[in-house]
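Student: Sharing a structure here in structure tokens format.
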Amino acid sequence: MNREVVVSGIRSTGYLHLGNYFGAIQNYVKMQDTHECYFFVADYHALTTHPDPKELKPNVFRVVAENIASGLDPEKVALYAQSDLIEIPELYLMLNMLAYKGELEKVPTFKDKVRMQPENVNAGLLTYPVLMAADILIHRAVKVPVGKDQEQHLEMARNFASRFNTRYGVDFFPEPQVFRFNQDTVKIMSLDGNGKMSKSENVSATIYLSDDDDTIRKKIMKAKTDQGPAEPNAAMPDYIQNLFLLLQLTATPEVTAQFTGAYNNCNIRYGDMKKQLAEDMVTFVRPIRERAAELQRDEDAIRKILKAGAEKARASSAATIAGARKLIGINYY
Ligand code: TYM
């Protein structure tokens, strides 16, 4: 039976956090038994911010270890480094011919980067969504499990796919859709209420899968709260909603119901809620942190996993490039 093809990637730009876990990895793990899955470390994408060459490998290996520690099984999926699939840059080049400067300049993530690093507005940054589309289309994927922040990039991938199909007159690429289980695509906010949890920003208000127990407790106890609701069943401000979301994701339904009830009756004590959340979070993160640390001690094993992953992924990427070359007319011999 043909299984639906799934692709997703994580940039190797730092330590993974709860946003990466609940926005992406948790879905990867749920899909690995039922779909044909390609998951990769986006090391080319990381180059847009010019990382220190010495840091590239440890960052890539840590992302692999943290994915496996979170439940991803490299036997069931293809887990590889983006730079190991040489077909990706070729498809990226082909798609660049169908991507327009004007539309790329309008992408909100590009505009953010221009604001944040005006001294390094390189072409890789501008064409970031094209490379991302190549990552997805190289396996002709139909589903892409990602957090809310990537939705716009997915829309662009669909546009490039349909432009290619129109230009060459066949339905060669499917239009990939954002995938989520039950609720809306998740966005985990940072604990200070300013933006989202991130690998490189909001570090003291982001919970990392590598944080030790005390760091987790301290970060949660410092999370932004307020005086509490003034009337029963009041709407929650987004930073309170975020704490409830984290509680729902890590605590038992009874605990979540108890604090939701207290909020709705205006007798919530945020101190108690944070203490409870901190303990549930420690219990949640600890096994992932310990397993990831253990895996990272065996570099050889990670190297083997990456090699095997790239080999597994190559069959489909080679077939896509062969097909795309033919359609474009690169078909000389
Ligand atoms: P990256 O590395 O920033 O994030 C990896 C995944 O984690 C999700 N995520 C979040 N979800 C919820 N709340 C948050 N605070 C949060 N922060 C991150 C992201 O949505 C993503 O799913 N461009 C991508 C990497 C990429 C990719 C791809 C993804 C490259 N090529 C092809 C899918 C398909 C990125 O920078 O993700």
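Chain labels follow the order of the structure tokens: the first chain is A, the next B, and so on; residue numbering restarts at 1 in every chain, and ligands are counted from 1 in their shown order.
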Taking only C-alpha atoms and all ligand atoms into account, which residues are within 8 Å of ligand 1, as a PDB file with C-alpha atoms, in the first residue's frame?
Tutor:
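Resulting contents of selection-v8.pdb:
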```pdb
ATOM      1  CA  VAL A   7       8.509  15.929   4.940  1.00  0.00           C
ATOM      2  CA  SER A   8       9.668  18.268   7.676  1.00  0.00           C
ATOM      3  CA  GLY A   9      12.893  19.870   8.875  1.00  0.00           C
ATOM      4  CA  ILE A  10      14.451  21.683  11.798  1.00  0.00           C
ATOM      5  CA  ARG A  11      17.232  24.255  11.463  1.00  0.00           C
ATOM      6  CA  SER A  12      20.438  23.460  13.322  1.00  0.00           C
ATOM      7  CA  THR A  13      20.742  26.873  14.911  1.00  0.00           C
ATOM      8  CA  HIS A  17      12.685  23.791  22.834  1.00  0.00           C
ATOM      9  CA  LEU A  18       9.044  23.122  23.695  1.00  0.00           C
ATOM     10  CA  GLY A  19       7.910  24.980  20.558  1.00  0.00           C
ATOM     11  CA  ASN A  20       9.904  22.589  18.357  1.00  0.00           C
ATOM     12  CA  TYR A  21       8.601  19.628  20.362  1.00  0.00           C
ATOM     13  CA  PHE A  22       4.885  20.478  20.425  1.00  0.00           C
ATOM     14  CA  GLY A  23       4.842  22.363  17.110  1.00  0.00           C
ATOM     15  CA  ALA A  24       6.697  19.723  15.126  1.00  0.00           C
ATOM     16  CA  ILE A  25       8.431  16.679  16.649  1.00  0.00           C
ATOM     17  CA  VAL A  41      18.250  18.747   9.845  1.00  0.00           C
ATOM     18  CA  ALA A  42      18.176  21.969   7.814  1.00  0.00           C
ATOM     19  CA  HIS A  45      19.189  26.954   6.039  1.00  0.00           C
ATOM     20  CA  TYR A 128      14.962  30.861   2.047  1.00  0.00           C
ATOM     21  CA  PRO A 129      11.368  29.867   1.120  1.00  0.00           C
ATOM     22  CA  LEU A 131      15.076  26.191  -0.530  1.00  0.00           C
ATOM     23  CA  MET A 132      12.337  25.140   1.860  1.00  0.00           C
ATOM     24  CA  ALA A 133      10.036  24.377  -1.067  1.00  0.00           C
ATOM     25  CA  ALA A 134      12.849  22.285  -2.613  1.00  0.00           C
ATOM     26  CA  ASP A 135      13.190  20.319   0.675  1.00  0.00           C
ATOM     27  CA  ILE A 136       9.512  19.428   0.505  1.00  0.00           C
ATOM     28  CA  VAL A 144       4.199  18.877   6.208  1.00  0.00           C
ATOM     29  CA  PRO A 145       3.975  18.877  10.017  1.00  0.00           C
ATOM     30  CA  VAL A 146       5.147  22.339  11.157  1.00  0.00           C
ATOM     31  CA  GLY A 147       4.262  25.004  13.708  1.00  0.00           C
ATOM     32  CA  LYS A 148       2.167  28.050  12.929  1.00  0.00           C
ATOM     33  CA  ASP A 149       5.208  30.216  12.102  1.00  0.00           C
ATOM     34  CA  GLN A 150       5.881  28.158   8.945  1.00  0.00           C
ATOM     35  CA  GLU A 151       2.413  28.398   7.364  1.00  0.00           C
ATOM     36  CA  HIS A 153       6.381  29.309   3.768  1.00  0.00           C
ATOM     37  CA  LEU A 154       4.126  26.370   2.972  1.00  0.00           C
ATOM     38  CA  THR A 185      -1.278  24.318  14.412  1.00  0.00           C
ATOM     39  CA  VAL A 186       0.455  24.989  17.706  1.00  0.00           C
ATOM     40  CA  LYS A 187       2.335  28.113  18.646  1.00  0.00           C
ATOM     41  CA  ILE A 188       4.147  28.058  21.982  1.00  0.00           C
ATOM     42  CA  MET A 189       4.687  31.597  23.238  1.00  0.00           C
ATOM     43  CA  SER A 190       7.689  32.605  25.252  1.00  0.00           C
ATOM     44  CA  LYS A 196       7.428  32.790  20.627  1.00  0.00           C
ATOM     45  CA  MET A 197       9.793  30.314  22.228  1.00  0.00           C
ATOM     46  CA  SER A 198      12.906  30.311  20.086  1.00  0.00           C
ATOM     47  CA  LYS A 199      16.316  28.674  19.650  1.00  0.00           C
TER      48      LYS A 199
END
```
Student: Hey, what's within 8 Å of Leu137 (chain A) if we count only C-alpha atoms and toss same-chain stuff fewer than 2 positions away? As a list in words, please?
Tutor: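 My reading of the contact set: Ala133, Ala134, Asp135, His139, Arg140, Ala141, Ala157, Ala161, Phe173, Pro174 and Pro176 of chain A.
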Student: With N, CA and C atoms retained, write the just-selected residues as a short mmCIF file (atom, residue, chain, number, x, y, z; two decimals), in the first residue's frame.
Tutor:
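For reference, out01.cif as written:
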```cif
data_model
loop_
_atom_site.label_atom_id
_atom_site.label_comp_id
_atom_site.auth_asym_id
_atom_site.auth_seq_id
_atom_site.Cartn_x
_atom_site.Cartn_y
_atom_site.Cartn_z
N ALA A 133 10.93 25.04 -0.11
CA ALA A 133 10.04 24.38 -1.07
C ALA A 133 10.78 23.19 -1.71
N ALA A 134 12.07 23.38 -2.01
CA ALA A 134 12.85 22.29 -2.61
C ALA A 134 12.94 21.09 -1.64
N ASP A 135 13.13 21.39 -0.34
CA ASP A 135 13.19 20.32 0.67
C ASP A 135 11.94 19.44 0.63
N HIS A 139 10.69 15.26 -2.38
CA HIS A 139 10.07 13.95 -2.14
C HIS A 139 8.60 13.94 -2.59
N ARG A 140 8.19 14.99 -3.25
CA ARG A 140 6.80 15.17 -3.67
C ARG A 140 5.83 14.88 -2.51
N ALA A 141 6.13 15.56 -1.39
CA ALA A 141 5.35 15.34 -0.16
C ALA A 141 3.97 15.98 -0.25
N ALA A 157 5.48 27.28 -1.01
CA ALA A 157 5.86 25.99 -1.61
C ALA A 157 4.74 25.52 -2.55
N ALA A 161 5.09 24.90 -6.57
CA ALA A 161 4.70 23.60 -7.14
C ALA A 161 3.71 23.81 -8.27
N PHE A 173 4.28 17.94 -9.28
CA PHE A 173 4.38 18.13 -7.83
C PHE A 173 2.99 18.26 -7.21
N PRO A 174 2.72 17.49 -6.13
CA PRO A 174 1.48 17.75 -5.39
C PRO A 174 1.63 19.06 -4.61
N PRO A 176 1.78 20.68 -1.26
CA PRO A 176 1.92 20.20 0.12
C PRO A 176 1.11 21.03 1.12
#
```
Student: Check the smallest atom-to-atom distance from each of A:Asp192, A:Gln227, A:Tyr28, A:Val130 to Leu91 (chain A) using only C-alpha atoms, then report the winner.
Tutor: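 Between A:Asp192, A:Gln227, A:Tyr28, A:Val130, the residue approaching Leu91 (chain A) most closely is A:Val130.
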Student: In Å, how far is it from CA of Gly124 (chain A) to CA of Ala81 (chain A)?
Tutor: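 Result for CA of Gly124 (chain A) versus CA of Ala81 (chain A): 18.0 Å, one decimal.
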Student: Nearest to Val5 (chain A): which of A:Glu90, A:Glu290, A:Glu175, A:Asp272 is it, counting only C-alpha atoms?
Tutor: A:Glu175
Student: Check the smallest atom-to-atom distance from each of A:Met221, A:Met94, A:Ala235, A:Gly271 to Ala205 (chain A) using only C-alpha atoms, then report the winner.
Tutor: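 Checking each of A:Met221, A:Met94, A:Ala235, A:Gly271 against Ala205 (chain A), counting only C-alpha atoms, the winner is A:Met221.
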Student: Considering only C-alpha atoms, return as a PyMOL selection string whatever protein or nucleic-acid residues lie within 8 Å of region 103-112 of chain A, sequence-local ones (same chain, fewer than 3 positions apart) excluded.
Tutor: chain A and resi 99-100+115-116+125-127+129+152
Student: Wanna dump the region 127-215 of chain A-region 324-327 of chain A contacts at 10 Å for me, each residue with its shortest atom pair and the distance in Å to one decimal, counting only C-alpha atoms, ordered by chain and number, as CSV?
Tutor:
```
residue,atom,partner,partner_atom,distance
A:Ile138,CA,A:Ala324,CA,9.7
A:Phe164,CA,A:Ala324,CA,9.2
A:Asn165,CA,A:Leu327,CA,9.6
A:Arg167,CA,A:Leu327,CA,9.5
A:Tyr168,CA,A:Leu327,CA,6.2
A:Gly169,CA,A:Leu327,CA,8.8
A:Val170,CA,A:Leu327,CA,8.7
A:Phe172,CA,A:Ala324,CA,8.1
A:Phe173,CA,A:Ala324,CA,9.5
```
Student: Env of Met31 (chain A): 10 Å cut, atoms = only C-alpha atoms, seq-sep filter 6 positions within chain, self excluded. Answer as a list of chain:residue names.
Tutor: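 Residues near the query, excluding close chain neighbours: A:Glu4, A:Val6, A:Ile25, A:Cys37, A:Leu72, A:Lys76, A:Val77, A:Pro145, A:Phe181.
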Student: Can I get the selected residues back with C-alpha atoms, as a PDB file, in the first residue's frame?
Tutor:
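Listed below is the output, again.pdb:
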```
ATOM      1  CA  GLU A   4       1.322   9.392   2.058  1.00  0.00           C
ATOM      2  CA  VAL A   6       5.563  13.516   4.741  1.00  0.00           C
ATOM      3  CA  ILE A  25       8.431  16.679  16.649  1.00  0.00           C
ATOM      4  CA  CYS A  37       8.392  10.053   6.485  1.00  0.00           C
ATOM      5  CA  LEU A  72      11.571   9.494  16.557  1.00  0.00           C
ATOM      6  CA  LYS A  76      10.925   3.882  10.656  1.00  0.00           C
ATOM      7  CA  VAL A  77      11.739   7.216   9.004  1.00  0.00           C
ATOM      8  CA  PRO A 145       3.975  18.877  10.017  1.00  0.00           C
ATOM      9  CA  PHE A 181      -3.409  16.456  14.628  1.00  0.00           C
TER      10      PHE A 181
END
```
Student: CA of Ala308 (chain A) and CA of Asp73 (chain A), how far apart in Å?
Tutor: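 A separation of 12.5 Å between them.
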Student: Once DSSP has gone over the backbone, tell me which residues of region 125-296 of chain A are in strand (DSSP E or B), as a list in words.
Tutor: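 DSSP on the backbone gives strand (DSSP E or B) at Lys143, Val144, Pro145, Gln177, Val178, Phe179, Met189, Lys196 and Tyr208 of chain A.
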Student: Write out the residues from the selection above, keeping N, CA, C and O atoms, as a PDB file, in the first residue's frame.
Tutor:
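Output contents, as saved in result21.pdb:
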```pdb
ATOM      1  N   LYS A 143       2.116  16.123   2.929  1.00  0.00           N
ATOM      2  CA  LYS A 143       1.844  16.656   4.265  1.00  0.00           C
ATOM      3  C   LYS A 143       3.133  17.150   4.907  1.00  0.00           C
ATOM      4  O   LYS A 143       4.171  16.485   4.818  1.00  0.00           O
ATOM      5  N   VAL A 144       3.032  18.290   5.573  1.00  0.00           N
ATOM      6  CA  VAL A 144       4.199  18.877   6.208  1.00  0.00           C
ATOM      7  C   VAL A 144       3.846  19.292   7.642  1.00  0.00           C
ATOM      8  O   VAL A 144       3.166  20.306   7.847  1.00  0.00           O
ATOM      9  N   PRO A 145       4.273  18.498   8.638  1.00  0.00           N
ATOM     10  CA  PRO A 145       3.975  18.877  10.017  1.00  0.00           C
ATOM     11  C   PRO A 145       4.909  19.995  10.490  1.00  0.00           C
ATOM     12  O   PRO A 145       6.115  19.784  10.611  1.00  0.00           O
ATOM     13  N   GLN A 177       0.472  20.343   2.047  1.00  0.00           N
ATOM     14  CA  GLN A 177      -0.367  21.016   3.054  1.00  0.00           C
ATOM     15  C   GLN A 177       0.264  20.928   4.438  1.00  0.00           C
ATOM     16  O   GLN A 177       0.851  19.910   4.788  1.00  0.00           O
ATOM     17  N   VAL A 178       0.066  21.988   5.224  1.00  0.00           N
ATOM     18  CA  VAL A 178       0.465  21.949   6.639  1.00  0.00           C
ATOM     19  C   VAL A 178      -0.340  20.848   7.301  1.00  0.00           C
ATOM     20  O   VAL A 178      -1.530  20.713   7.044  1.00  0.00           O
ATOM     21  N   PHE A 179       0.316  20.075   8.146  1.00  0.00           N
ATOM     22  CA  PHE A 179      -0.413  18.995   8.803  1.00  0.00           C
ATOM     23  C   PHE A 179      -0.448  19.178  10.307  1.00  0.00           C
ATOM     24  O   PHE A 179       0.531  19.602  10.930  1.00  0.00           O
ATOM     25  N   MET A 189       4.138  30.255  22.978  1.00  0.00           N
ATOM     26  CA  MET A 189       4.687  31.597  23.238  1.00  0.00           C
ATOM     27  C   MET A 189       5.819  31.521  24.245  1.00  0.00           C
ATOM     28  O   MET A 189       5.893  30.592  25.050  1.00  0.00           O
ATOM     29  N   LYS A 196       7.500  34.243  20.470  1.00  0.00           N
ATOM     30  CA  LYS A 196       7.428  32.790  20.627  1.00  0.00           C
ATOM     31  C   LYS A 196       8.700  32.223  21.258  1.00  0.00           C
ATOM     32  O   LYS A 196       9.739  32.898  21.244  1.00  0.00           O
ATOM     33  N   TYR A 208      14.072  24.713  27.096  1.00  0.00           N
ATOM     34  CA  TYR A 208      14.805  23.842  26.162  1.00  0.00           C
ATOM     35  C   TYR A 208      14.707  22.400  26.635  1.00  0.00           C
ATOM     36  O   TYR A 208      14.629  22.137  27.842  1.00  0.00           O
TER      37      TYR A 208
END
```
Student: Find the spatial neighbours of Asp214 (chain A), counting only C-alpha atoms, within a cut-off of 10 Å - ignore same-chain residues fewer than 6 positions away - and output them as a ChimeraX atom specification.
Tutor: /A:220,278,282
Student: Emit the selected residues as an mmCIF file, in the first residue's frame, including all heavy atoms.
Tutor:
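Just written: result-v8.cif:
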```
data_model
loop_
_atom_site.group_PDB
_atom_site.id
_atom_site.type_symbol
_atom_site.label_atom_id
_atom_site.label_comp_id
_atom_site.auth_asym_id
_atom_site.auth_seq_id
_atom_site.Cartn_x
_atom_site.Cartn_y
_atom_site.Cartn_z
ATOM 1 N N ILE A 220 9.801 28.697 34.863
ATOM 2 C CA ILE A 220 8.336 28.674 34.971
ATOM 3 C C ILE A 220 7.856 29.587 36.102
ATOM 4 O O ILE A 220 6.877 30.318 35.948
ATOM 5 C CB ILE A 220 7.823 27.231 35.132
ATOM 6 C CG1 ILE A 220 8.037 26.529 33.785
ATOM 7 C CG2 ILE A 220 6.351 27.208 35.546
ATOM 8 C CD1 ILE A 220 7.484 25.149 33.664
ATOM 9 N N ALA A 278 5.534 23.489 36.840
ATOM 10 C CA ALA A 278 6.986 23.261 36.891
ATOM 11 C C ALA A 278 7.271 21.781 37.129
ATOM 12 O O ALA A 278 8.129 21.189 36.453
ATOM 13 C CB ALA A 278 7.610 24.119 37.985
ATOM 14 N N VAL A 282 9.118 19.313 34.547
ATOM 15 C CA VAL A 282 10.361 18.610 34.899
ATOM 16 C C VAL A 282 10.207 17.120 34.564
ATOM 17 O O VAL A 282 11.085 16.505 33.949
ATOM 18 C CB VAL A 282 10.684 18.821 36.398
ATOM 19 C CG1 VAL A 282 11.681 17.792 36.899
ATOM 20 C CG2 VAL A 282 11.210 20.240 36.627
#
```
Student: Tell me, as a PyMOL selection string, which residues lie within 12 Å of Ile216 (chain A), counting only C-alpha atoms; anything in the same chain fewer than 5 positions away does not count.
Tutor: chain A and resi 17-18+191+203-211+221-223+274-275+277-286+289
Student: Quick one: pull the distance between CA of Glu66 (chain A) and CA of Thr256 (chain A), Å, one decimal.
Tutor: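 Spanning CA of Glu66 (chain A) to CA of Thr256 (chain A) is a straight-line distance of 27.2 Å.
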Student: Name the residues of region 185-287 of chain A that fall into helix (DSSP H, G or I) according to DSSP on the backbone, using the chain letters and numbers of this document, as an MDAnalysis selection string.
Tutor: chainID A and resid 203:205 213:221 238:250 253:264 270:287
Student: Under the rule that only C-alpha atoms are counted, which of A:Asp213, A:Glu155, A:Asp238, A:Glu201 is the nearest residue to Thr225 (chain A)?
Tutor: A:Asp238
